[in-house]
Amino acid sequence: MLIAMNVLETLWTKIKQALICLRPGRVTLPYPFAPHDPEEGFRGLPRLNVDKCIGCGGCANVCPARLIRIVDKDQTTRVLVFLYERCTFCGRCAEVCPEGAIEMSREYELSTDDVHDDMIGEYHIFMGPCERCGRCYRPPSVLDKLQQPGFRSDCIDRKCPPEGCRIVLDEDTDDRAEAPTQTASR
Amino acid sequence: MSRHVELDEDRAVTAEQITDSMRRRLGDGLLDSRPAGPTRLYLTVDPAKIVDAADELFNGLGARFVISAGTDERENRGGFRVSHFFSFDDEDLYVALHALVPEDDPRIDSITPIIPGANWAEREIQDLLGVTAEGHPDPRRLVLPDDWPADVYPLRCDFDTRDRPASAEGMAPPMKNRPEGAVMVPVGPYFPTQHEPEAFAVFVEGEVVVDSDYRGFYNHRGIEKLGCADLTYNQIPFIAERICGICGFVHSCAYCMAVENAAGIEVPRRAQYIRTIFLELERLHSHLLWTGVAAHIIGFDTLFMQTWRMREPVMWLCEQLTGNRKTYGMNIVGGVRRDLPADAHEKIEKVIADVEREWSALTDAVPGDRTLIARLEDVGTLTPDQVRQTCCLGPTARGSGVAIDLRIDHPYAAYGELEMEKCVEDGCDTLARTLVRLAETPVAIDIIRQCLAKMPDGEIQATIDEEIPPGLEGIGAVEAPRGESFHWVLTGENNRPKRWRVRAPSYQNLQAIGPMIHGDVLADVPIDIGSIDPCYSCTDRMTVIDRRSGQMRVMTREEILDRR
Ligand code: SF4
Ligand code: SF4
């Protein structure tokens, strides 16, 4: 008798379970055979607009994955190298950029079967040279907009007075050709 | 857990009483007692008295052991700081026990003989900092990889995050001896029902488990080291969020709370509510995930598919609200980064109402399933005393009648202003742990509703206009879906912590697997392990692995054959 009850009870729950499965119908999306757009506000691969960027280095300073390397190629060209393979898509770079030069795109299909596609983004920024130090951008300094007191990194520092508008990314290696150190460590 | 220890009425513990009884027990051994607000107490003791002090807290006053941490303070204080953390859950009080061990004699007495749950914590300090736990019953290597050389301690300040020591031979810790007459069955390093690498050696006699051994920590990413050496305060939350692949938000939240606690930063109420909503959304999708995984382990794939289907809209909701389905990237020291959009309330309500409806249909259909119950009942027994000794947490503890739930015991974020009850079962088995999670799911939905109803307006980030001074300490603890996630931060120079210690709940819960599977049949071992909802990457968050040499070498075929 008890066994019969148990069997019946289990059978009844199985019927209920079957209903749970049948009700929603098919839910699997046809992806990747049909595109699947991410939701509004999605944080995808960060893309930099070279026309807006002023090369201040704020993004490199806050990036938690430390993937943005800044190299001064010559007096007027600053190169921002994004080692995208490390990106966590946090959007901090876009958030602190004083010029809104970085946009979190909606790109998320980043895997590739091309071994040469090394996920590096290189952006060449034209730097209007400063008369005094030869390597700066126009005043007024955007560092004022960027600065979050108490949360600056130790290696980002303003050396010149505001009118001098000079940013030095690393005090020890203040050398024209030298890449600053507070960037991706490779 | 003091409720499980007979305490005299007049010994209900306050910070002053703890200090008094420590002074009575230790005399001059108590070097300093510094309360920080009503919920934190930092004690400094003579390292020679550390066992007495831990005994007084754990056995005398009934505290729960949380975790230990080791800090290299040779530069500023001439030694290594060893810290043990305790919690008085009924009194909403965390107590830290610090001792400074001299550089030239880095040894301290082990507390594991009196607190079994400190087993891993002390071995970790030994591995990573080189402070020996004298008298530890099982001092084998725990965290470091099998080819890591002796006398290289990655958590010491003179070890650079970019250092890659050469591979060494013969450093692999020996497995436990096989009991006479038993056969060793390996579960892992790769095992079909475990979605992350870990290795249990299960010793069986016939089908019955008589003993077991564990080797894990294959997923080390050196996060704590990074946090103290390379990152800055506000870079850490995003890295902390990646400690766990399911409940990352609890880690970024607990870290931010620890820094806020240390620096005395007041987080705006709206930010607290937003944090609470996401903590509960995370619990919701985590419990749905677990239910599916547990069902999958015992071969009930229908339930697996259905709970994961129900879970998906929660993930999409989070993507809409935060920009990512899993790593929300919301937390920052002092608050959150994104406000909820104007239509968030309707969106959230719609998703949770759907989940609620489907969940109740499911919980109506499933518990009557005798096959399912038979697989879970009286399996993986864990007594309340074993819970206390191994210091496990979350649904694992609550399934054994030990009612620790930080949301009520140590209210954080907005929980202090919300109504909720702890979900506790006293079956002490896998079924009880399952029922706890089943019951918690609607509670999470209820909490989200309360938050939406009470959501205050205002700022979402505190203004921080002074640098955080070095030398302060703070504790942040969050009730993750798996139990208490505990972060301790000691502030340092250069805009980064001097030490950031993370303890995920699985760290303690995994230590309970031994007693849990003892006496079970082999076929139940996967679901026993699954029943604590283990998260190996959370547990293994710590050391630096050499990518080139850190291959899995733990149990070669030869070794396994050898042991048979
Ligand atoms: S923060 Fe903006 S302006 Fe500054 S370097 Fe980065 S992208 Fe350019
Ligand atoms: S999204 Fe985050 S991880 Fe990626 S580049 Fe920007 S700051 Fe760095």
# chains A, B, ... in the order shown; residues from 1 in each chain; ligands from 1

$ residues_around --residues "region 106-109 of chain A" --least-positions-apart "2" --cutoff "8 Å" --atoms "only C-alpha atoms" --output "PyMOL selection string"
chain A and resi 38+42-45+104+111

$ residues_near_ligand --ligand "ligand 1" --cutoff "6 Å" --atoms "only C-alpha atoms and all ligand atoms" --output "list in words"
Cys53, Ile54, Gly55, Cys56, Gly57, Gly58, Cys59, Cys97, Pro98, Glu99, Ala101 and Ile102 of chain A

$ residues_near_ligand --ligand "ligand 2" --cutoff "9 Å" --atoms "only C-alpha atoms and all ligand atoms" --output "MDAnalysis selection string"
(chainID A and resid 43:47 59:68 82:84 86:96 102 104) or (chainID B and resid 235 238)

$ residues_around --residues "region 29-46 of chain B" --least-positions-apart "4" --cutoff "6 Å" --atoms "only C-alpha atoms" --output "list in words"
Asp92, Leu93, Tyr94, Val95, Ala96, Leu97, His98 and Ala99 of chain B

$ write_last_selection --atoms "all heavy atoms" --output "PDB file, in the first residue's frame"
ATOM      1  N   ASP B  92      26.932  40.770  16.723  1.00  0.00           N
ATOM      2  CA  ASP B  92      27.383  41.600  15.612  1.00  0.00           C
ATOM      3  C   ASP B  92      28.762  42.193  15.900  1.00  0.00           C
ATOM      4  O   ASP B  92      28.956  43.398  15.907  1.00  0.00           O
ATOM      5  CB  ASP B  92      26.358  42.721  15.329  1.00  0.00           C
ATOM      6  CG  ASP B  92      26.771  43.567  14.128  1.00  0.00           C
ATOM      7  OD1 ASP B  92      27.675  43.150  13.389  1.00  0.00           O
ATOM      8  OD2 ASP B  92      26.183  44.647  13.938  1.00  0.00           O
ATOM      9  N   LEU B  93      29.710  41.318  16.143  1.00  0.00           N
ATOM     10  CA  LEU B  93      31.041  41.786  16.521  1.00  0.00           C
ATOM     11  C   LEU B  93      32.107  40.905  15.871  1.00  0.00           C
ATOM     12  O   LEU B  93      32.058  39.684  15.959  1.00  0.00           O
ATOM     13  CB  LEU B  93      31.172  41.722  18.047  1.00  0.00           C
ATOM     14  CG  LEU B  93      32.497  42.159  18.667  1.00  0.00           C
ATOM     15  CD1 LEU B  93      32.743  43.642  18.411  1.00  0.00           C
ATOM     16  CD2 LEU B  93      32.501  41.893  20.170  1.00  0.00           C
ATOM     17  N   TYR B  94      33.041  41.556  15.183  1.00  0.00           N
ATOM     18  CA  TYR B  94      34.205  40.842  14.658  1.00  0.00           C
ATOM     19  C   TYR B  94      35.416  41.167  15.520  1.00  0.00           C
ATOM     20  O   TYR B  94      35.625  42.329  15.879  1.00  0.00           O
ATOM     21  CB  TYR B  94      34.501  41.247  13.215  1.00  0.00           C
ATOM     22  CG  TYR B  94      33.644  40.530  12.204  1.00  0.00           C
ATOM     23  CD1 TYR B  94      32.605  41.189  11.559  1.00  0.00           C
ATOM     24  CD2 TYR B  94      33.874  39.196  11.902  1.00  0.00           C
ATOM     25  CE1 TYR B  94      31.809  40.526  10.625  1.00  0.00           C
ATOM     26  CE2 TYR B  94      33.086  38.528  10.973  1.00  0.00           C
ATOM     27  CZ  TYR B  94      32.058  39.199  10.339  1.00  0.00           C
ATOM     28  OH  TYR B  94      31.285  38.539   9.428  1.00  0.00           O
ATOM     29  N   VAL B  95      36.189  40.154  15.857  1.00  0.00           N
ATOM     30  CA  VAL B  95      37.367  40.359  16.688  1.00  0.00           C
ATOM     31  C   VAL B  95      38.594  39.869  15.928  1.00  0.00           C
ATOM     32  O   VAL B  95      38.599  38.761  15.392  1.00  0.00           O
ATOM     33  CB  VAL B  95      37.248  39.593  18.022  1.00  0.00           C
ATOM     34  CG1 VAL B  95      38.483  39.821  18.874  1.00  0.00           C
ATOM     35  CG2 VAL B  95      36.004  40.021  18.775  1.00  0.00           C
ATOM     36  N   ALA B  96      39.609  40.716  15.875  1.00  0.00           N
ATOM     37  CA  ALA B  96      40.866  40.307  15.252  1.00  0.00           C
ATOM     38  C   ALA B  96      41.906  40.116  16.339  1.00  0.00           C
ATOM     39  O   ALA B  96      41.945  40.860  17.317  1.00  0.00           O
ATOM     40  CB  ALA B  96      41.330  41.363  14.267  1.00  0.00           C
ATOM     41  N   LEU B  97      42.723  39.096  16.155  1.00  0.00           N
ATOM     42  CA  LEU B  97      43.781  38.791  17.109  1.00  0.00           C
ATOM     43  C   LEU B  97      45.091  38.923  16.352  1.00  0.00           C
ATOM     44  O   LEU B  97      45.379  38.125  15.468  1.00  0.00           O
ATOM     45  CB  LEU B  97      43.582  37.340  17.555  1.00  0.00           C
ATOM     46  CG  LEU B  97      43.973  36.886  18.935  1.00  0.00           C
ATOM     47  CD1 LEU B  97      43.327  37.765  19.977  1.00  0.00           C
ATOM     48  CD2 LEU B  97      43.527  35.437  19.120  1.00  0.00           C
ATOM     49  N   HIS B  98      45.842  39.975  16.640  1.00  0.00           N
ATOM     50  CA  HIS B  98      47.091  40.172  15.916  1.00  0.00           C
ATOM     51  C   HIS B  98      48.271  39.808  16.794  1.00  0.00           C
ATOM     52  O   HIS B  98      48.252  40.034  17.999  1.00  0.00           O
ATOM     53  CB  HIS B  98      47.265  41.650  15.512  1.00  0.00           C
ATOM     54  CG  HIS B  98      46.192  42.154  14.597  1.00  0.00           C
ATOM     55  ND1 HIS B  98      45.948  41.611  13.369  1.00  0.00           N
ATOM     56  CD2 HIS B  98      45.306  43.172  14.732  1.00  0.00           C
ATOM     57  CE1 HIS B  98      44.960  42.271  12.780  1.00  0.00           C
ATOM     58  NE2 HIS B  98      44.546  43.216  13.596  1.00  0.00           N
ATOM     59  N   ALA B  99      49.317  39.266  16.156  1.00  0.00           N
ATOM     60  CA  ALA B  99      50.564  39.020  16.875  1.00  0.00           C
ATOM     61  C   ALA B  99      51.709  39.293  15.916  1.00  0.00           C
ATOM     62  O   ALA B  99      51.618  38.967  14.729  1.00  0.00           O
ATOM     63  CB  ALA B  99      50.620  37.579  17.360  1.00  0.00           C
TER      64      ALA B  99
END

$ interface_residues --of "chain B" --to "chain A" --cutoff "6 Å" --atoms "only C-alpha atoms" --output "mmCIF file with N, CA and C atoms, in the first residue's frame"
data_model
loop_
_atom_site.group_PDB
_atom_site.id
_atom_site.type_symbol
_atom_site.label_atom_id
_atom_site.label_comp_id
_atom_site.auth_asym_id
_atom_site.auth_seq_id
_atom_site.Cartn_x
_atom_site.Cartn_y
_atom_site.Cartn_z
ATOM 1 N N GLN B 235 41.097 50.124 -8.267
ATOM 2 C CA GLN B 235 41.235 49.100 -9.310
ATOM 3 C C GLN B 235 40.813 47.741 -8.763
ATOM 4 N N GLN B 320 20.985 44.457 -18.562
ATOM 5 C CA GLN B 320 20.326 45.740 -18.840
ATOM 6 C C GLN B 320 20.662 46.781 -17.791
ATOM 7 N N GLY B 323 25.144 46.570 -17.525
ATOM 8 C CA GLY B 323 26.032 46.516 -18.672
ATOM 9 C C GLY B 323 26.709 45.176 -18.835
ATOM 10 N N GLY B 329 30.370 45.207 -12.298
ATOM 11 C CA GLY B 329 31.248 46.371 -12.290
ATOM 12 C C GLY B 329 30.618 47.574 -11.624
ATOM 13 N N ALA B 365 6.439 20.759 -7.498
ATOM 14 C CA ALA B 365 6.574 19.490 -8.216
ATOM 15 C C ALA B 365 7.725 18.634 -7.702
ATOM 16 N N GLY B 368 8.032 16.153 -4.005
ATOM 17 C CA GLY B 368 7.267 14.903 -3.943
ATOM 18 C C GLY B 368 7.961 13.767 -4.677
ATOM 19 N N ASP B 369 9.057 14.089 -5.349
ATOM 20 C CA ASP B 369 9.744 13.111 -6.178
ATOM 21 C C ASP B 369 10.585 12.182 -5.305
ATOM 22 N N ARG B 370 10.070 10.972 -5.060
ATOM 23 C CA ARG B 370 10.747 10.068 -4.117
ATOM 24 C C ARG B 370 12.164 9.717 -4.567
ATOM 25 N N ASP B 465 37.572 63.148 -0.282
ATOM 26 C CA ASP B 465 38.537 64.154 -0.711
ATOM 27 C C ASP B 465 39.832 64.112 0.066
ATOM 28 N N GLU B 466 40.034 63.046 0.803
ATOM 29 C CA GLU B 466 41.335 62.917 1.435
ATOM 30 C C GLU B 466 41.910 61.550 1.140
ATOM 31 N N GLU B 467 43.219 61.487 1.061
ATOM 32 C CA GLU B 467 43.830 60.186 0.836
ATOM 33 C C GLU B 467 43.608 59.307 2.061
ATOM 34 N N ASN B 494 51.047 54.571 -0.985
ATOM 35 C CA ASN B 494 50.903 54.521 -2.444
ATOM 36 C C ASN B 494 49.496 54.221 -2.928
#

$ atom_distance --atom1 "CA of Glu260 (chain B)" --atom2 "CA of Tyr233 (chain B)"
10.7 Å

$ residues_around --residues "region 356-358 of chain B" --least-positions-apart "4" --cutoff "10 Å" --atoms "only C-alpha atoms" --output "mmCIF file with all heavy atoms, in the first residue's frame"
data_model
loop_
_atom_site.group_PDB
_atom_site.id
_atom_site.type_symbol
_atom_site.label_atom_id
_atom_site.label_comp_id
_atom_site.auth_asym_id
_atom_site.auth_seq_id
_atom_site.Cartn_x
_atom_site.Cartn_y
_atom_site.Cartn_z
ATOM 1 N N ILE A 20 5.887 21.669 -16.461
ATOM 2 C CA ILE A 20 6.835 22.781 -16.338
ATOM 3 C C ILE A 20 7.714 22.850 -17.583
ATOM 4 O O ILE A 20 8.016 23.921 -18.095
ATOM 5 C CB ILE A 20 7.707 22.604 -15.077
ATOM 6 C CG1 ILE A 20 6.859 22.777 -13.824
ATOM 7 C CG2 ILE A 20 8.858 23.602 -15.073
ATOM 8 C CD1 ILE A 20 7.594 22.517 -12.535
ATOM 9 N N GLN B 306 15.563 23.160 -16.691
ATOM 10 C CA GLN B 306 14.494 24.107 -16.358
ATOM 11 C C GLN B 306 14.972 25.224 -15.428
ATOM 12 O O GLN B 306 14.610 26.374 -15.613
ATOM 13 C CB GLN B 306 13.287 23.366 -15.746
ATOM 14 C CG GLN B 306 12.594 22.436 -16.731
ATOM 15 C CD GLN B 306 12.210 23.137 -18.024
ATOM 16 O OE1 GLN B 306 11.717 24.256 -18.025
ATOM 17 N NE2 GLN B 306 12.463 22.480 -19.148
ATOM 18 N N THR B 307 15.781 24.884 -14.421
ATOM 19 C CA THR B 307 16.225 25.970 -13.538
ATOM 20 C C THR B 307 17.139 26.918 -14.297
ATOM 21 O O THR B 307 17.115 28.121 -14.054
ATOM 22 C CB THR B 307 16.965 25.445 -12.295
ATOM 23 O OG1 THR B 307 17.983 24.564 -12.717
ATOM 24 C CG2 THR B 307 16.032 24.754 -11.341
ATOM 25 N N MET B 310 15.036 29.229 -16.220
ATOM 26 C CA MET B 310 14.454 30.260 -15.364
ATOM 27 C C MET B 310 15.483 31.303 -14.964
ATOM 28 O O MET B 310 15.157 32.453 -14.691
ATOM 29 C CB MET B 310 13.881 29.610 -14.101
ATOM 30 C CG MET B 310 12.644 28.791 -14.364
ATOM 31 S SD MET B 310 12.329 27.604 -13.058
ATOM 32 C CE MET B 310 12.291 28.658 -11.636
ATOM 33 N N LYS B 350 9.085 42.626 -13.097
ATOM 34 C CA LYS B 350 8.594 41.673 -14.086
ATOM 35 C C LYS B 350 9.408 40.367 -14.018
ATOM 36 O O LYS B 350 8.844 39.273 -13.966
ATOM 37 C CB LYS B 350 8.685 42.283 -15.479
ATOM 38 C CG LYS B 350 8.111 41.359 -16.514
ATOM 39 C CD LYS B 350 8.042 41.940 -17.885
ATOM 40 C CE LYS B 350 7.597 40.872 -18.879
ATOM 41 N NZ LYS B 350 8.241 39.572 -18.692
ATOM 42 N N VAL B 351 10.724 40.523 -13.975
ATOM 43 C CA VAL B 351 11.570 39.326 -13.964
ATOM 44 C C VAL B 351 11.373 38.526 -12.679
ATOM 45 O O VAL B 351 11.183 37.304 -12.709
ATOM 46 C CB VAL B 351 13.054 39.708 -14.147
ATOM 47 C CG1 VAL B 351 13.950 38.504 -13.936
ATOM 48 C CG2 VAL B 351 13.277 40.292 -15.537
ATOM 49 N N ILE B 352 11.370 39.215 -11.541
ATOM 50 C CA ILE B 352 11.265 38.436 -10.300
ATOM 51 C C ILE B 352 9.879 37.825 -10.143
ATOM 52 O O ILE B 352 9.731 36.754 -9.569
ATOM 53 C CB ILE B 352 11.693 39.232 -9.034
ATOM 54 C CG1 ILE B 352 10.892 40.503 -8.851
ATOM 55 C CG2 ILE B 352 13.180 39.521 -9.050
ATOM 56 C CD1 ILE B 352 11.256 41.262 -7.575
ATOM 57 N N LEU B 362 7.785 24.826 -9.451
ATOM 58 C CA LEU B 362 8.873 23.857 -9.363
ATOM 59 C C LEU B 362 8.989 23.252 -7.970
ATOM 60 O O LEU B 362 9.109 22.031 -7.801
ATOM 61 C CB LEU B 362 10.174 24.562 -9.730
ATOM 62 C CG LEU B 362 11.334 23.657 -10.036
ATOM 63 C CD1 LEU B 362 11.526 23.606 -11.539
ATOM 64 C CD2 LEU B 362 12.585 24.169 -9.384
ATOM 65 N N THR B 363 8.941 24.118 -6.956
ATOM 66 C CA THR B 363 9.068 23.588 -5.595
ATOM 67 C C THR B 363 7.835 22.787 -5.212
ATOM 68 O O THR B 363 7.857 21.993 -4.283
ATOM 69 C CB THR B 363 9.276 24.714 -4.557
ATOM 70 O OG1 THR B 363 8.370 25.762 -4.845
ATOM 71 C CG2 THR B 363 10.688 25.245 -4.601
ATOM 72 N N ASP B 364 6.744 22.989 -5.947
ATOM 73 C CA ASP B 364 5.559 22.173 -5.735
ATOM 74 C C ASP B 364 5.775 20.790 -6.350
ATOM 75 O O ASP B 364 5.388 19.772 -5.788
ATOM 76 C CB ASP B 364 4.361 22.880 -6.381
ATOM 77 C CG ASP B 364 3.104 22.059 -6.246
ATOM 78 O OD1 ASP B 364 2.881 21.546 -5.132
ATOM 79 O OD2 ASP B 364 2.379 21.923 -7.239
ATOM 80 N N THR B 441 15.338 31.191 -1.909
ATOM 81 C CA THR B 441 15.098 31.839 -3.189
ATOM 82 C C THR B 441 13.929 32.828 -3.113
ATOM 83 O O THR B 441 14.084 33.989 -3.488
ATOM 84 C CB THR B 441 14.909 30.767 -4.277
ATOM 85 O OG1 THR B 441 16.020 29.871 -4.162
ATOM 86 C CG2 THR B 441 14.877 31.348 -5.654
ATOM 87 N N PRO B 442 12.741 32.411 -2.603
ATOM 88 C CA PRO B 442 11.675 33.412 -2.463
ATOM 89 C C PRO B 442 12.033 34.531 -1.487
ATOM 90 O O PRO B 442 11.555 35.664 -1.665
ATOM 91 C CB PRO B 442 10.472 32.610 -1.956
ATOM 92 C CG PRO B 442 10.908 31.229 -1.732
ATOM 93 C CD PRO B 442 12.262 31.039 -2.299
ATOM 94 N N ILE B 445 13.722 37.170 -3.402
ATOM 95 C CA ILE B 445 12.755 37.947 -4.186
ATOM 96 C C ILE B 445 12.054 38.956 -3.288
ATOM 97 O O ILE B 445 11.884 40.126 -3.643
ATOM 98 C CB ILE B 445 11.731 36.990 -4.853
ATOM 99 C CG1 ILE B 445 12.466 36.160 -5.903
ATOM 100 C CG2 ILE B 445 10.573 37.765 -5.454
ATOM 101 C CD1 ILE B 445 11.627 35.109 -6.575
ATOM 102 N N ASP B 446 11.689 38.507 -2.097
ATOM 103 C CA ASP B 446 11.014 39.403 -1.156
ATOM 104 C C ASP B 446 11.906 40.582 -0.783
ATOM 105 O O ASP B 446 11.441 41.722 -0.707
ATOM 106 C CB ASP B 446 10.618 38.594 0.090
ATOM 107 C CG ASP B 446 9.897 39.459 1.098
ATOM 108 O OD1 ASP B 446 8.879 40.056 0.703
ATOM 109 O OD2 ASP B 446 10.371 39.561 2.246
#

$ residues_around --residues "Ile529 (chain B)" --least-positions-apart "5" --cutoff "10 Å" --atoms "only C-alpha atoms" --output "number ranges by chain"
B: 193-194, 200, 294, 297, 380, 430, 509-510, 512-514, 516-517, 524, 534

$ closest_atom_pairs --of "region 310-413 of chain B" --to "region 112-133 of chain B" --cutoff "12 Å" --atoms "only C-alpha atoms" --output "tab-separated table"
residue	atom	partner	partner_atom	distance
B:Asp385	CA	B:Pro116	CA	11.5
B:Gln386	CA	B:Pro116	CA	9.5
B:Val387	CA	B:Gly117	CA	9.1
B:Arg388	CA	B:Gly117	CA	8.2
B:Gln389	CA	B:Pro116	CA	5.7
B:Thr390	CA	B:Gly117	CA	4.0
B:Cys391	CA	B:Gly117	CA	5.3
B:Cys392	CA	B:Gly117	CA	8.0
B:Leu393	CA	B:Gly117	CA	11.3

$ write_last_selection --atoms "all heavy atoms" --output "PDB file, in the first residue's frame"
ATOM      1  N   ASP B 385      28.042  20.035  15.601  1.00  0.00           N
ATOM      2  CA  ASP B 385      29.364  20.144  16.215  1.00  0.00           C
ATOM      3  C   ASP B 385      30.455  20.162  15.147  1.00  0.00           C
ATOM      4  O   ASP B 385      31.418  20.929  15.244  1.00  0.00           O
ATOM      5  CB  ASP B 385      29.599  18.987  17.190  1.00  0.00           C
ATOM      6  CG  ASP B 385      30.895  19.196  17.957  1.00  0.00           C
ATOM      7  OD1 ASP B 385      31.015  20.272  18.580  1.00  0.00           O
ATOM      8  OD2 ASP B 385      31.781  18.321  17.894  1.00  0.00           O
ATOM      9  N   GLN B 386      30.282  19.341  14.112  1.00  0.00           N
ATOM     10  CA  GLN B 386      31.260  19.361  13.019  1.00  0.00           C
ATOM     11  C   GLN B 386      31.238  20.717  12.312  1.00  0.00           C
ATOM     12  O   GLN B 386      32.273  21.215  11.887  1.00  0.00           O
ATOM     13  CB  GLN B 386      30.965  18.237  12.020  1.00  0.00           C
ATOM     14  CG  GLN B 386      31.399  16.872  12.533  1.00  0.00           C
ATOM     15  CD  GLN B 386      30.829  15.741  11.710  1.00  0.00           C
ATOM     16  OE1 GLN B 386      29.798  15.880  11.055  1.00  0.00           O
ATOM     17  NE2 GLN B 386      31.491  14.595  11.747  1.00  0.00           N
ATOM     18  N   VAL B 387      30.061  21.299  12.203  1.00  0.00           N
ATOM     19  CA  VAL B 387      29.962  22.635  11.611  1.00  0.00           C
ATOM     20  C   VAL B 387      30.786  23.606  12.431  1.00  0.00           C
ATOM     21  O   VAL B 387      31.572  24.393  11.905  1.00  0.00           O
ATOM     22  CB  VAL B 387      28.491  23.110  11.548  1.00  0.00           C
ATOM     23  CG1 VAL B 387      28.412  24.588  11.214  1.00  0.00           C
ATOM     24  CG2 VAL B 387      27.727  22.304  10.519  1.00  0.00           C
ATOM     25  N   ARG B 388      30.633  23.527  13.740  1.00  0.00           N
ATOM     26  CA  ARG B 388      31.363  24.450  14.594  1.00  0.00           C
ATOM     27  C   ARG B 388      32.875  24.215  14.499  1.00  0.00           C
ATOM     28  O   ARG B 388      33.651  25.161  14.423  1.00  0.00           O
ATOM     29  CB  ARG B 388      30.896  24.314  16.033  1.00  0.00           C
ATOM     30  CG  ARG B 388      31.744  25.128  16.987  1.00  0.00           C
ATOM     31  CD  ARG B 388      31.050  25.504  18.262  1.00  0.00           C
ATOM     32  NE  ARG B 388      32.031  26.099  19.176  1.00  0.00           N
ATOM     33  CZ  ARG B 388      32.412  27.351  19.120  1.00  0.00           C
ATOM     34  NH1 ARG B 388      31.920  28.155  18.214  1.00  0.00           N
ATOM     35  NH2 ARG B 388      33.307  27.823  19.965  1.00  0.00           N
ATOM     36  N   GLN B 389      33.277  22.963  14.480  1.00  0.00           N
ATOM     37  CA  GLN B 389      34.706  22.669  14.470  1.00  0.00           C
ATOM     38  C   GLN B 389      35.350  23.062  13.140  1.00  0.00           C
ATOM     39  O   GLN B 389      36.452  23.574  13.101  1.00  0.00           O
ATOM     40  CB  GLN B 389      34.960  21.176  14.747  1.00  0.00           C
ATOM     41  CG  GLN B 389      34.547  20.732  16.144  1.00  0.00           C
ATOM     42  CD  GLN B 389      35.213  21.546  17.251  1.00  0.00           C
ATOM     43  OE1 GLN B 389      36.337  21.977  17.126  1.00  0.00           O
ATOM     44  NE2 GLN B 389      34.491  21.771  18.343  1.00  0.00           N
ATOM     45  N   THR B 390      34.664  22.791  12.030  1.00  0.00           N
ATOM     46  CA  THR B 390      35.251  23.127  10.735  1.00  0.00           C
ATOM     47  C   THR B 390      34.928  24.560  10.328  1.00  0.00           C
ATOM     48  O   THR B 390      35.411  25.045   9.322  1.00  0.00           O
ATOM     49  CB  THR B 390      34.748  22.186   9.627  1.00  0.00           C
ATOM     50  OG1 THR B 390      33.323  22.156   9.681  1.00  0.00           O
ATOM     51  CG2 THR B 390      35.273  20.784   9.796  1.00  0.00           C
ATOM     52  N   CYS B 391      34.083  25.228  11.110  1.00  0.00           N
ATOM     53  CA  CYS B 391      33.741  26.631  10.887  1.00  0.00           C
ATOM     54  C   CYS B 391      33.092  26.847   9.536  1.00  0.00           C
ATOM     55  O   CYS B 391      33.391  27.827   8.841  1.00  0.00           O
ATOM     56  CB  CYS B 391      34.959  27.532  11.022  1.00  0.00           C
ATOM     57  SG  CYS B 391      35.904  27.207  12.499  1.00  0.00           S
ATOM     58  N   CYS B 392      32.216  25.937   9.108  1.00  0.00           N
ATOM     59  CA  CYS B 392      31.598  26.171   7.808  1.00  0.00           C
ATOM     60  C   CYS B 392      30.407  27.123   7.919  1.00  0.00           C
ATOM     61  O   CYS B 392      30.006  27.532   9.005  1.00  0.00           O
ATOM     62  CB  CYS B 392      31.255  24.899   7.051  1.00  0.00           C
ATOM     63  SG  CYS B 392      30.674  23.565   7.990  1.00  0.00           S
ATOM     64  N   LEU B 393      29.902  27.502   6.766  1.00  0.00           N
ATOM     65  CA  LEU B 393      29.076  28.699   6.662  1.00  0.00           C
ATOM     66  C   LEU B 393      27.925  28.535   5.696  1.00  0.00           C
ATOM     67  O   LEU B 393      27.868  27.574   4.953  1.00  0.00           O
ATOM     68  CB  LEU B 393      29.961  29.825   6.096  1.00  0.00           C
ATOM     69  CG  LEU B 393      31.188  30.131   6.934  1.00  0.00           C
ATOM     70  CD1 LEU B 393      32.296  30.625   6.053  1.00  0.00           C
ATOM     71  CD2 LEU B 393      30.842  31.129   7.988  1.00  0.00           C
TER      72      LEU B 393
END

$ atom_distance --atom1 "CA of Arg407 (chain B)" --atom2 "CA of Leu281 (chain B)"
14.6 Å

$ decode --residues "region 357-361 of chain B" --atoms "N, CA and C atoms" --output "mmCIF file, in the first residue's frame"
data_model
loop_
_atom_site.group_PDB
_atom_site.id
_atom_site.type_symbol
_atom_site.label_atom_id
_atom_site.label_comp_id
_atom_site.auth_asym_id
_atom_site.auth_seq_id
_atom_site.Cartn_x
_atom_site.Cartn_y
_atom_site.Cartn_z
ATOM 1 N N ARG B 357 6.791 32.842 -9.842
ATOM 2 C CA ARG B 357 5.705 31.961 -10.275
ATOM 3 C C ARG B 357 6.263 30.594 -10.674
ATOM 4 N N GLU B 358 7.315 30.626 -11.489
ATOM 5 C CA GLU B 358 7.868 29.357 -11.966
ATOM 6 C C GLU B 358 8.516 28.574 -10.835
ATOM 7 N N TRP B 359 9.134 29.324 -9.930
ATOM 8 C CA TRP B 359 9.804 28.669 -8.819
ATOM 9 C C TRP B 359 8.807 27.952 -7.938
ATOM 10 N N SER B 360 7.632 28.576 -7.729
ATOM 11 C CA SER B 360 6.682 27.925 -6.832
ATOM 12 C C SER B 360 6.103 26.688 -7.518
ATOM 13 N N ALA B 361 5.926 26.730 -8.845
ATOM 14 C CA ALA B 361 5.489 25.516 -9.550
ATOM 15 C C ALA B 361 6.526 24.410 -9.390
#
